[in-house]
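File shown: upload.txt (compact mmCIF, C-alpha atoms and all ligand atoms).
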```txt
# COMPACT_ATOMS: atom_id res chain seq x y z
CA MET A 7 -24.52 21.84 4.65
CA ALA A 8 -25.64 24.97 6.54
CA GLY A 9 -25.50 23.98 10.15
CA THR A 10 -25.26 25.85 13.36
CA CYS A 11 -22.10 26.57 15.29
CA LEU A 12 -22.28 25.94 19.01
CA PRO A 13 -20.63 28.80 20.86
CA VAL A 14 -17.82 28.09 23.36
CA ILE A 15 -16.99 24.67 21.93
CA LYS A 16 -17.28 26.06 18.38
CA LEU A 17 -18.69 22.86 16.97
CA ASN A 18 -20.69 22.63 13.76
CA ILE A 19 -23.93 20.73 14.06
CA ASP A 20 -26.70 20.27 11.52
CA PRO A 21 -29.92 20.77 13.46
CA LEU A 22 -31.83 18.06 11.58
CA THR A 23 -34.43 15.54 12.62
CA LEU A 24 -33.79 11.86 11.83
CA PRO A 25 -36.04 11.83 8.70
CA LEU A 26 -34.39 14.98 7.31
CA ALA A 27 -30.92 13.65 8.02
CA LEU A 28 -31.84 10.43 6.18
CA GLN A 29 -33.13 12.43 3.24
CA LYS A 30 -29.85 14.41 3.07
CA ALA A 31 -27.82 11.21 3.26
CA MET A 32 -29.84 9.55 0.47
CA GLU A 33 -29.44 12.69 -1.66
CA ALA A 34 -25.67 12.56 -1.08
CA LEU A 35 -25.66 8.88 -2.04
CA SER A 36 -27.44 9.53 -5.29
CA ALA A 37 -25.39 12.66 -6.08
CA GLY A 38 -22.47 10.37 -6.90
CA LYS A 39 -19.88 12.30 -4.85
CA ARG A 40 -17.59 11.39 -2.00
CA ALA A 41 -18.89 12.70 1.32
CA TYR A 42 -18.93 11.70 4.96
CA ALA A 43 -21.12 12.15 8.02
CA VAL A 44 -20.24 12.31 11.69
CA THR A 45 -22.40 12.02 14.79
CA PRO A 46 -20.48 13.71 17.61
CA ASN A 47 -21.34 12.69 21.15
CA THR A 48 -20.44 14.90 24.08
CA GLU A 49 -17.01 13.30 24.48
CA THR A 50 -16.10 13.81 20.80
CA ALA A 51 -17.37 17.41 21.00
CA LEU A 52 -15.15 18.12 24.01
CA ALA A 53 -12.20 16.27 22.47
CA SER A 54 -12.46 18.51 19.41
CA LEU A 55 -11.56 21.51 21.58
CA ALA A 56 -8.08 20.14 22.18
CA ASP A 57 -7.82 18.50 18.74
CA PRO A 58 -8.00 21.01 15.86
CA LYS A 59 -7.73 18.18 13.29
CA LEU A 60 -10.87 16.56 14.70
CA LYS A 61 -12.68 19.91 14.78
CA ASN A 62 -11.74 20.49 11.16
CA VAL A 63 -12.98 17.03 10.15
CA ILE A 64 -16.31 17.67 11.91
CA SER A 65 -16.61 21.14 10.32
CA ASN A 66 -16.06 19.73 6.83
CA ALA A 67 -18.49 16.85 7.18
CA HIS A 68 -21.42 16.74 4.79
CA LEU A 69 -23.57 15.98 7.84
CA SER A 70 -22.73 16.54 11.50
CA LEU A 71 -25.55 15.15 13.60
CA CYS A 72 -26.10 15.66 17.30
CA ASP A 73 -25.67 12.31 19.05
CA GLY A 74 -24.78 13.56 22.52
CA THR A 75 -27.19 14.73 25.21
CA GLY A 76 -24.61 17.33 26.33
CA VAL A 77 -24.35 18.74 22.80
CA PHE A 78 -28.15 18.80 22.53
CA LEU A 79 -28.60 20.63 25.85
CA LEU A 80 -25.86 23.12 25.02
CA SER A 81 -27.59 23.99 21.72
CA ARG A 82 -30.89 24.45 23.54
CA ILE A 83 -29.37 26.72 26.20
CA PHE A 84 -27.45 28.86 23.70
CA SER A 85 -30.47 29.13 21.42
CA LEU A 86 -32.41 30.73 24.30
CA PHE A 87 -29.95 33.63 23.98
CA ASN A 88 -30.10 33.57 20.15
CA LEU A 89 -26.49 32.46 20.01
CA CYS A 90 -27.20 29.46 17.77
CA ARG A 91 -30.05 27.58 16.18
CA PRO A 92 -31.55 24.94 18.45
CA VAL A 93 -30.99 21.29 17.61
CA LYS A 94 -34.49 19.83 17.23
CA GLU A 95 -33.67 16.33 18.41
CA ARG A 96 -30.78 14.03 19.14
CA VAL A 97 -29.96 11.77 16.20
CA CYS A 98 -28.08 8.81 17.63
CA GLY A 99 -25.41 7.49 15.26
CA ILE A 100 -26.57 3.90 15.63
CA ASP A 101 -30.22 4.73 14.87
CA PHE A 102 -29.26 6.86 11.90
CA ALA A 103 -26.97 4.12 10.57
CA GLU A 104 -29.61 1.41 10.89
CA GLU A 105 -32.30 3.52 9.20
CA LEU A 106 -29.86 4.33 6.42
CA VAL A 107 -29.03 0.64 5.99
CA LYS A 108 -32.77 -0.07 5.79
CA LEU A 109 -33.20 2.48 2.99
CA CYS A 110 -30.10 1.16 1.21
CA SER A 111 -31.45 -2.39 1.39
CA LYS A 112 -34.46 -1.22 -0.64
CA SER A 113 -32.45 0.62 -3.25
CA GLY A 114 -29.63 -1.80 -4.01
CA VAL A 115 -26.88 0.35 -2.45
CA ARG A 116 -23.71 -1.65 -1.70
CA VAL A 117 -22.72 -1.38 1.95
CA LEU A 118 -19.34 -2.12 3.48
CA LEU A 119 -18.77 -2.57 7.20
CA TRP A 120 -15.36 -1.56 8.49
CA GLY A 121 -14.43 -1.77 12.16
CA ALA A 122 -14.75 -3.71 15.41
CA ARG A 123 -13.34 -7.14 16.25
CA PRO A 124 -13.52 -9.74 13.43
CA GLU A 125 -16.32 -11.78 15.05
CA ASN A 126 -18.31 -8.63 15.86
CA VAL A 127 -18.21 -7.18 12.35
CA LYS A 128 -19.30 -10.61 10.98
CA ASN A 129 -22.15 -10.89 13.47
CA ALA A 130 -23.19 -7.29 12.87
CA ALA A 131 -23.45 -8.07 9.14
CA LYS A 132 -25.49 -11.22 9.92
CA TYR A 133 -27.86 -9.19 12.08
CA LEU A 134 -28.37 -6.56 9.37
CA LYS A 135 -28.76 -9.12 6.58
CA LYS A 136 -31.37 -11.06 8.59
CA LYS A 137 -33.33 -7.90 9.41
CA TYR A 138 -33.02 -6.36 5.92
CA PRO A 139 -32.84 -9.31 3.48
CA GLY A 140 -32.42 -7.08 0.41
CA LEU A 141 -29.22 -5.61 1.80
CA ILE A 142 -26.13 -5.97 -0.37
CA ILE A 143 -23.05 -6.35 1.81
CA ALA A 144 -20.16 -5.36 -0.43
CA GLY A 145 -17.57 -6.46 2.09
CA LEU A 146 -16.43 -6.69 5.68
CA CYS A 147 -13.21 -5.43 7.22
CA ASP A 148 -12.39 -5.70 10.89
CA GLY A 149 -11.03 -2.66 12.62
CA TYR A 150 -7.68 -4.19 13.55
CA LEU A 151 -6.38 -4.94 10.06
CA PRO A 152 -3.46 -2.75 8.99
CA GLU A 153 -4.93 0.32 7.32
CA PRO A 154 -3.39 -0.31 3.86
CA VAL A 155 -5.02 -3.78 3.81
CA ALA A 156 -8.39 -2.33 4.75
CA MET A 157 -8.01 0.45 2.17
CA ARG A 158 -7.24 -2.13 -0.55
CA ALA A 159 -10.37 -4.10 0.38
CA LEU A 160 -12.34 -0.88 0.18
CA CYS A 161 -11.03 -0.19 -3.31
CA CYS A 162 -11.88 -3.72 -4.53
CA ASP A 163 -15.33 -3.99 -2.96
CA LYS A 164 -16.53 -0.61 -4.29
CA PRO A 165 -19.19 0.13 -1.66
CA ALA A 166 -21.48 3.14 -2.04
CA LEU A 167 -22.05 3.31 1.71
CA LEU A 168 -19.27 2.75 4.20
CA LEU A 169 -20.03 2.31 7.89
CA ALA A 170 -16.89 2.92 9.95
CA ALA A 171 -16.89 1.64 13.53
CA LEU A 172 -13.32 2.30 14.58
CA GLY A 173 -13.72 4.48 17.67
CA SER A 174 -13.24 8.22 17.80
CA PRO A 175 -11.24 10.09 16.50
CA LYS A 176 -9.74 7.31 14.34
CA GLN A 177 -12.96 6.72 12.39
CA GLU A 178 -13.50 10.45 11.75
CA TYR A 179 -9.91 10.93 10.55
CA LEU A 180 -10.06 7.90 8.25
CA ILE A 181 -13.37 8.63 6.59
CA SER A 182 -12.40 12.25 5.93
CA GLU A 183 -9.08 11.16 4.40
CA LEU A 184 -10.85 8.54 2.32
CA CYS A 185 -13.35 11.05 0.98
CA LYS A 186 -10.55 13.42 -0.03
CA LYS A 187 -9.06 10.73 -2.28
CA LYS A 188 -10.22 10.36 -5.86
CA GLY A 189 -12.38 7.31 -6.46
CA PRO A 190 -15.88 6.01 -7.03
CA PRO A 191 -18.76 7.77 -5.22
CA LEU A 192 -18.88 7.02 -1.54
CA PHE A 193 -20.89 8.08 1.47
CA ALA A 194 -19.05 7.24 4.69
CA LEU A 195 -20.53 7.33 8.15
CA ALA A 196 -18.77 7.09 11.52
CA VAL A 197 -20.81 4.77 13.73
CA GLY A 198 -18.71 4.25 16.90
CA GLY A 199 -19.68 1.10 18.76
CA ALA A 200 -22.70 0.22 16.56
CA PHE A 201 -21.26 -3.09 15.28
CA ASP A 202 -20.73 -4.35 18.84
CA VAL A 203 -24.39 -3.59 19.58
CA TRP A 204 -25.67 -5.21 16.35
CA ALA A 205 -23.46 -8.21 17.03
CA GLY A 206 -25.08 -8.59 20.46
CA LYS A 207 -21.76 -7.99 22.21
CA CYS A 208 -22.86 -4.73 23.88
CA LYS A 209 -26.31 -3.85 25.14
CA ARG A 210 -27.81 -0.44 24.54
CA ALA A 211 -29.50 1.36 27.41
CA PRO A 212 -33.19 0.49 27.85
CA ALA A 213 -35.46 2.63 25.66
CA PRO A 214 -36.89 4.80 28.50
CA LEU A 215 -33.36 5.73 29.61
CA ARG A 216 -32.46 6.56 26.00
CA LYS A 217 -35.56 8.73 25.62
CA LEU A 218 -34.63 10.65 28.75
CA GLY A 219 -31.14 11.25 27.32
CA PHE A 220 -29.33 9.14 29.90
CA GLU A 221 -27.71 6.59 27.57
CA TRP A 222 -24.30 7.93 28.63
CA LEU A 223 -25.05 6.99 32.26
CA TRP A 224 -25.73 3.41 31.16
CA ARG A 225 -22.49 3.30 29.17
CA PHE A 226 -20.53 4.62 32.15
CA ALA A 227 -22.11 1.95 34.38
CA CYS A 228 -21.45 -0.90 31.88
CA GLN A 229 -17.96 0.29 30.91
CA PRO A 230 -16.52 2.29 33.84
CA PHE A 231 -13.34 3.11 31.85
CA ARG A 232 -15.52 5.48 29.82
CA ALA A 233 -16.28 7.64 32.87
CA LYS A 234 -12.57 8.06 33.59
CA ARG A 235 -11.82 8.79 29.92
CA PHE A 236 -14.67 11.29 29.76
CA LEU A 237 -13.39 13.07 32.88
CA ASN A 238 -9.91 13.38 31.34
CA THR A 239 -11.37 14.73 28.08
CA PHE A 240 -13.51 17.16 30.06
CA LEU A 241 -10.50 18.41 32.05
CA ASP A 242 -8.43 18.80 28.85
CA ALA A 243 -11.28 20.79 27.29
CA LEU A 244 -11.52 23.04 30.36
CA SER A 245 -7.80 23.70 30.23
CA VAL A 246 -7.98 24.61 26.51
CA LEU A 247 -10.89 26.96 27.22
CA GLY A 248 -8.93 28.50 30.09
CA GLN A 249 -5.90 29.06 27.81
CA GLN A 250 -8.09 30.59 25.09
CA ARG A 251 -9.66 32.94 27.62
CA GLY A 252 -6.28 33.92 29.00
CA LYS A 253 -5.04 34.71 25.48
CA ALA A 254 -8.15 36.73 24.66
CA ASN A 255 -7.85 38.71 27.91
CA SER A 256 -4.19 39.51 27.31
CA GLN A 257 -4.95 40.65 23.74
CA ASN A 258 -7.81 42.87 24.94
CA ALA A 259 -5.87 44.37 27.85
CA PRO A 260 -4.82 48.00 27.18
CA LEU A 261 -1.11 48.43 26.44
CA GLN A 262 0.71 49.30 29.62
CA LYS A 263 2.68 52.55 29.48
CA LYS A 264 6.29 52.17 30.44
N1 LIG B 301 -12.16 -0.24 17.18
C1 LIG B 301 -11.59 -0.70 16.01
N2 LIG B 301 -10.27 -0.46 15.76
C2 LIG B 301 -9.51 0.25 16.63
C3 LIG B 301 -10.10 0.76 17.82
C4 LIG B 301 -11.45 0.50 18.04
O1 LIG B 301 -12.26 -1.32 15.20
O2 LIG B 301 -8.33 0.45 16.35
C5 LIG B 301 -13.58 -0.51 17.42
C6 LIG B 301 -13.88 -1.27 18.70
O3 LIG B 301 -13.68 -2.66 18.51
C7 LIG B 301 -15.33 -0.93 18.90
C8 LIG B 301 -15.42 0.50 18.36
O4 LIG B 301 -14.26 0.71 17.59
O5 LIG B 301 -16.16 -1.75 18.14
C9 LIG B 301 -15.40 1.52 19.48
O6 LIG B 301 -16.60 2.15 19.46
P1 LIG B 301 -16.98 3.17 20.61
O7 LIG B 301 -18.22 3.90 20.29
O8 LIG B 301 -16.95 2.46 21.90
O9 LIG B 301 -15.83 4.19 20.40
P2 LIG B 301 -15.14 5.10 21.42
O10 LIG B 301 -16.21 5.60 22.35
O11 LIG B 301 -14.14 4.21 22.13
O12 LIG B 301 -14.54 6.14 20.57
```
Show how you would write the structure in this file as structure tokens.
Amino acid sequence: MAGTCLPVIKLNIDPLTLPLALQKAMEALSAGKRAYAVTPNTETALASLADPKLKNVISNAHLSLCDGTGVFLLSRIFSLFNLCRPVKERVCGIDFAEELVKLCSKSGVRVLLWGARPENVKNAAKYLKKKYPGLIIAGLCDGYLPEPVAMRALCCDKPALLLAALGSPKQEYLISELCKKKGPPLFALAVGGAFDVWAGKCKRAPAPLRKLGFEWLWRFACQPFRAKRFLNTFLDALSVLGQQRGKANSQNAPLQKK
């Protein structure tokens, strides 16, 4: 997928609208391959600076959609200087996942939910099944089962769409590894805390706040540990950028004569 690379954080993003992203996902589903999609928020984008494995996973994704307001704003600012293509709109992972589930419910695609606490993944499935009665749930796996057990379930249930809600970067690592393995066609999507929201365990920010791009503020207020975690990630990212700059400066400095 030809995306755009955000300067400074060097993150690949596909500047797609929600309908286009859904079209690409449905095409991938019918192409019969193994592929995965990620929806980096600002924290994941910053974390990828200090985590080359995560950056690599995001770069190799079939779709990398802009979930975070910070990522969106950065693309807009850099595009003013022609340094990247602008991202047209934010595509929140949870909205993308639900729209994809809706399309899958109409086309008989088998969906497997993997992640979250056992009661939350069950309730998330109930919510989806009630809203989209045609949906075929191939299986459920909570996010605290040992990985080999979950992987076995995945092999037996043969889903075509896998929603992985295991927190970042675990979910991104796992879906990329899974898609590298040989097996039946699979489209895997990292969905963060979506199951907790569908299960009614977590509330999303009110729609006006979401529209204004302040969902993160709501999450920080509801779960203050996130603000502290974000600050740590931000400081780590700054330190990596500082080191990279220092290296570049020392490489560019003229050789000193002895
Ligand atoms: N989770 C999981 N297994 C783990 C760690 C987390 O299933 O080993 C689930 C957790 O129960 C929650 C989701 O991952 O449902 C975390 O989503 P969130 O978007 O909050 O991810 P984060 O921002 O923490 O990366």
Point out the residue among A:Ala122, A:Met32, A:Cys208, A:Val203 with the least atom-to-atom distance to ligand LIG 301 (chain B), counting only C-alpha atoms and all ligand atoms.
-> A:Ala122
Kindly work out which residues sit at most 9 Å from ligand LIG 301 (chain B), using all atoms listed in the file, and give the list as a ChimeraX atom specification.
-> /A:47,49-50,120-124,126-127,148-151,170-177,197-203,232
May I have the residues from that selection written out with C-alpha atoms, as a JSON list (two decimals), in the coordinates of the input?
```json
[["chain", "number", "residue", "atom", "x", "y", "z"],
["A", 47, "ASN", "CA", -21.34, 12.69, 21.15],
["A", 49, "GLU", "CA", -17.01, 13.30, 24.48],
["A", 50, "THR", "CA", -16.10, 13.81, 20.80],
["A", 120, "TRP", "CA", -15.36, -1.56, 8.49],
["A", 121, "GLY", "CA", -14.43, -1.77, 12.16],
["A", 122, "ALA", "CA", -14.75, -3.71, 15.41],
["A", 123, "ARG", "CA", -13.34, -7.14, 16.25],
["A", 124, "PRO", "CA", -13.52, -9.74, 13.43],
["A", 126, "ASN", "CA", -18.31, -8.63, 15.86],
["A", 127, "VAL", "CA", -18.21, -7.18, 12.35],
["A", 148, "ASP", "CA", -12.39, -5.70, 10.89],
["A", 149, "GLY", "CA", -11.03, -2.66, 12.62],
["A", 150, "TYR", "CA", -7.68, -4.19, 13.55],
["A", 151, "LEU", "CA", -6.38, -4.94, 10.06],
["A", 170, "ALA", "CA", -16.89, 2.92, 9.95],
["A", 171, "ALA", "CA", -16.89, 1.64, 13.53],
["A", 172, "LEU", "CA", -13.32, 2.30, 14.58],
["A", 173, "GLY", "CA", -13.72, 4.48, 17.67],
["A", 174, "SER", "CA", -13.24, 8.22, 17.80],
["A", 175, "PRO", "CA", -11.24, 10.09, 16.50],
["A", 176, "LYS", "CA", -9.74, 7.31, 14.34],
["A", 177, "GLN", "CA", -12.96, 6.72, 12.39],
["A", 197, "VAL", "CA", -20.81, 4.77, 13.73],
["A", 198, "GLY", "CA", -18.71, 4.25, 16.90],
["A", 199, "GLY", "CA", -19.68, 1.10, 18.76],
["A", 200, "ALA", "CA", -22.70, 0.22, 16.56],
["A", 201, "PHE", "CA", -21.26, -3.09, 15.28],
["A", 202, "ASP", "CA", -20.73, -4.35, 18.84],
["A", 203, "VAL", "CA", -24.39, -3.59, 19.58],
["A", 232, "ARG", "CA", -15.52, 5.48, 29.82]]
```
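Interatomic distance, atom CA of Leu60 of chain A against atom CA of Leu109 of chain A: 28.9 Å.
For the atom pair formed by atom CA of Gln250 of chain A and atom CA of Ser54 of chain A, the distance is 14.0 Å, given to one decimal.
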Box time for segment 227-246 of chain A: axis-aligned, enclosing all its listed atoms, 3 Å extra on each side; report centre and edge lengths in Å to one decimal, as JSON.
```
{"center_x": -15.0, "center_y": 11.9, "center_z": 30.4, "size_x": 20.3, "size_y": 31.5, "size_z": 13.9}
```
Within 10 Å of file point (-25.5, -5.9, 0.9), counting only C-alpha atoms, expressed as a VMD selection string | chain A and resid 107 110 to 111 114 to 119 131 134 to 135 138 to 145 165 167
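Each of A:Pro230, A:Pro212, A:Gly248, A:Pro191 was checked against Ser36 of chain A using only C-alpha atoms; the smallest atom-to-atom distance is that of A:Pro191.
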Quick one: everything within 10 Å of Ala51 of chain A, counting all atoms listed in the file, minus sequence neighbours fewer than 2 positions away in the same chain. Send it as a ChimeraX atom specification.
-> /A:15-18,45-49,53-57,60-61,64,72-74,76-77,239-240,243
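With only C-alpha atoms as the atoms that count, the residue of A:Asp242, A:Glu125, A:Glu183, A:Asp101 with the shortest distance to Met157 of chain A is A:Glu183.
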So which one's closest to Leu79 of chain A, A:Ala130, A:Gly219, A:Leu241, A:Gln257? Using only C-alpha atoms, please.
-> A:Gly219
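Shortest atom-to-atom contact with Leu184 of chain A among A:Ala27, A:Leu69, A:Ala41, A:Val246: A:Ala41, counting all atoms listed in the file.
For segment 85-96 of chain A, the residues within 8 Å (counting all atoms listed in the file, excluding itself and residues fewer than 5 positions away along the chain) are A:Thr10, A:Cys11, A:Leu12, A:Pro13, A:Ile19, A:Asp20, A:Pro21, A:Leu22, A:Thr23, A:Leu24, A:Leu71, A:Cys72, A:Asp73, A:Gly74, A:Thr75, A:Phe78.
Take atom CA of Asp163 of chain A and atom CA of Cys147 of chain A: the distance between them is 10.5 Å.
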Smallest atom-to-atom distance to Ala103 of chain A: which of A:Leu146, A:Ala31, A:Val63, A:Ala166, using all atoms listed in the file?
-> A:Ala31
Do you know which residues are at most 9 Å from Ala211 of chain A counting all atoms listed in the file, after dropping those on the same chain fewer than 6 positions away, and could you put them as a ChimeraX atom specification?
-> /A:220-225
Who sits within 7 Å of Ile181 of chain A, all atoms listed in the file, same chain under 4 positions skipped, as a list in words | Tyr42, Gln177, Cys185 and Ala194 of chain A
N, CA and C atoms are needed for segment 183-201 of chain A; please write them out as an mmCIF file, in the coordinates of the input.
```cif
data_model
loop_
_atom_site.group_PDB
_atom_site.id
_atom_site.type_symbol
_atom_site.label_atom_id
_atom_site.label_comp_id
_atom_site.auth_asym_id
_atom_site.auth_seq_id
_atom_site.Cartn_x
_atom_site.Cartn_y
_atom_site.Cartn_z
ATOM 1 N N GLU A 183 -10.196 11.368 5.336
ATOM 2 C CA GLU A 183 -9.080 11.160 4.400
ATOM 3 C C GLU A 183 -9.545 10.397 3.154
ATOM 4 N N LEU A 184 -10.353 9.372 3.419
ATOM 5 C CA LEU A 184 -10.850 8.540 2.320
ATOM 6 C C LEU A 184 -11.669 9.363 1.330
ATOM 7 N N CYS A 185 -12.486 10.262 1.860
ATOM 8 C CA CYS A 185 -13.350 11.050 0.980
ATOM 9 C C CYS A 185 -12.582 12.121 0.223
ATOM 10 N N LYS A 186 -11.364 12.449 0.704
ATOM 11 C CA LYS A 186 -10.550 13.420 -0.030
ATOM 12 C C LYS A 186 -9.927 12.769 -1.263
ATOM 13 N N LYS A 187 -9.714 11.424 -1.164
ATOM 14 C CA LYS A 187 -9.060 10.730 -2.280
ATOM 15 C C LYS A 187 -10.009 10.628 -3.463
ATOM 16 N N LYS A 188 -9.394 10.546 -4.655
ATOM 17 C CA LYS A 188 -10.220 10.360 -5.860
ATOM 18 C C LYS A 188 -10.706 8.913 -5.862
ATOM 19 N N GLY A 189 -11.887 8.679 -6.394
ATOM 20 C CA GLY A 189 -12.380 7.310 -6.460
ATOM 21 C C GLY A 189 -13.858 7.292 -6.750
ATOM 22 N N PRO A 190 -14.455 6.093 -6.749
ATOM 23 C CA PRO A 190 -15.880 6.010 -7.030
ATOM 24 C C PRO A 190 -16.689 6.709 -5.927
ATOM 25 N N PRO A 191 -17.941 7.078 -6.225
ATOM 26 C CA PRO A 191 -18.760 7.770 -5.220
ATOM 27 C C PRO A 191 -18.837 6.969 -3.924
ATOM 28 N N LEU A 192 -18.853 7.699 -2.834
ATOM 29 C CA LEU A 192 -18.880 7.020 -1.540
ATOM 30 C C LEU A 192 -19.521 7.941 -0.506
ATOM 31 N N PHE A 193 -20.382 7.359 0.312
ATOM 32 C CA PHE A 193 -20.890 8.080 1.470
ATOM 33 C C PHE A 193 -20.425 7.298 2.692
ATOM 34 N N ALA A 194 -19.624 7.949 3.539
ATOM 35 C CA ALA A 194 -19.050 7.240 4.690
ATOM 36 C C ALA A 194 -19.623 7.813 5.969
ATOM 37 N N LEU A 195 -19.903 6.910 6.894
ATOM 38 C CA LEU A 195 -20.530 7.330 8.150
ATOM 39 C C LEU A 195 -19.787 6.733 9.335
ATOM 40 N N ALA A 196 -19.437 7.577 10.299
ATOM 41 C CA ALA A 196 -18.770 7.090 11.520
ATOM 42 C C ALA A 196 -19.843 6.602 12.479
ATOM 43 N N VAL A 197 -19.715 5.339 12.920
ATOM 44 C CA VAL A 197 -20.810 4.770 13.730
ATOM 45 C C VAL A 197 -20.376 4.270 15.115
ATOM 46 N N GLY A 198 -19.135 4.589 15.531
ATOM 47 C CA GLY A 198 -18.710 4.250 16.900
ATOM 48 C C GLY A 198 -18.852 2.770 17.218
ATOM 49 N N GLY A 199 -19.585 2.483 18.289
ATOM 50 C CA GLY A 199 -19.680 1.100 18.760
ATOM 51 C C GLY A 199 -20.878 0.346 18.194
ATOM 52 N N ALA A 200 -21.453 0.826 17.073
ATOM 53 C CA ALA A 200 -22.700 0.220 16.560
ATOM 54 C C ALA A 200 -22.545 -1.272 16.239
ATOM 55 N N PHE A 201 -21.400 -1.682 15.684
ATOM 56 C CA PHE A 201 -21.260 -3.090 15.280
ATOM 57 C C PHE A 201 -21.322 -4.005 16.512
#
```
